[in-house]
Amino acid sequence: MSACTWSIQPTDQQRLVKAAFEAKEFAYSRYSKFRVGAALLTTNGDIIKGANIENASYGGTICAERTALVKAVSEGIRSFTALAVVTDVASAISPCGMCRQVIREFCAQNMPIFLVPADYEKRLAAGEGNGGVKETSIGELLPDSFGPEDLDLPRGQ
């Protein structure tokens, strides 16, 4: 993926990726065994972490990306600089469709989203410069999307 996104400082990206790995440790994935961690960087430099939380009814499950966003928004934070997502899979995994729509609600379409492979540290140690991270944006992940501004469009009779 080669998204046209704004950039963040390398130290902020490293902090964000580290926080996503930390968040993943608190995932409650009793049913799928598919742990996910997410970390949101706010415009004031704070990081909000989220993990997937599953439920026996399945429909009550909430993904890591939505957990982080719900935590932030419920505390009045609605301005973000970047998002990192990590799983236990050795390739970068993209947010699900529902998460994409929620990300679209609260994040700029060109905000960087870092999809981080589970073996990120190993790849860095082997000399892979970016550790296998795929950088994208919600504009790329959810093209021609419906967003809050669409609700303000005039309607025909």
# chains A, B, ... in the order shown; residues from 1 in each chain; ligands from 1

call {"tool": "residues_around", "arguments": {"residues": "range 75-92 of chain A", "least_positions_apart": "6", "cutoff": "9 Å", "atoms": "only C-alpha atoms", "output": "JSON, numbers by chain"}}
result
{"A": [6, 7, 8, 13, 16, 17, 19, 20, 21, 24, 34, 35, 36, 37, 38, 39, 40, 41, 42, 43, 44, 45, 64, 65, 69, 106, 107, 108, 111, 112, 113, 114, 115, 116, 117, 118, 119, 120, 132, 133, 134]}

call {"tool": "closest_atom_pairs", "arguments": {"of": "range 13-132 of chain A", "to": "range 143-150 of chain A", "cutoff": "9 Å", "atoms": "only C-alpha atoms", "output": "tab-separated table"}}
result
residue	atom	partner	partner_atom	distance
A:Gln101	CA	A:Ser145	CA	8.0
A:Arg104	CA	A:Gly147	CA	6.6
A:Glu105	CA	A:Gly147	CA	6.0

call {"tool": "select_by_dssp", "arguments": {"residues": "chain A", "states": "strand (DSSP E or B)", "output": "number ranges by chain"}}
result
A: 28, 36-42, 47-51, 53, 62, 80-87, 113-116, 134-136

call {"tool": "select_by_dssp", "arguments": {"residues": "range 50-102 of chain A", "states": "alpha helix (DSSP H)", "output": "NGL selection string"}}
result
:A and (64-74 or 97-102)

call {"tool": "residues_around", "arguments": {"residues": "Leu141 in chain A", "least_positions_apart": "3", "cutoff": "9 Å", "atoms": "only C-alpha atoms", "output": "list in words"}}
result
Ser94, Pro95, Arg100, Thr136, Ser137 and Ile138 of chain A

call {"tool": "closest_residue", "arguments": {"among": "A:Ala68, A:Ile103, A:Leu142, A:Cys96", "to": "Ile53 in chain A", "atoms": "only C-alpha atoms"}}
result
A:Ala68

call {"tool": "atom_distance", "arguments": {"atom1": "CA of Cys99 in chain A", "atom2": "CA of Asn55 in chain A"}}
result
17.0 Å

call {"tool": "closest_residue", "arguments": {"among": "A:Lys71, A:Gly139, A:Ile47, A:Lys18", "to": "Asn110 in chain A", "atoms": "only C-alpha atoms"}}
result
A:Gly139
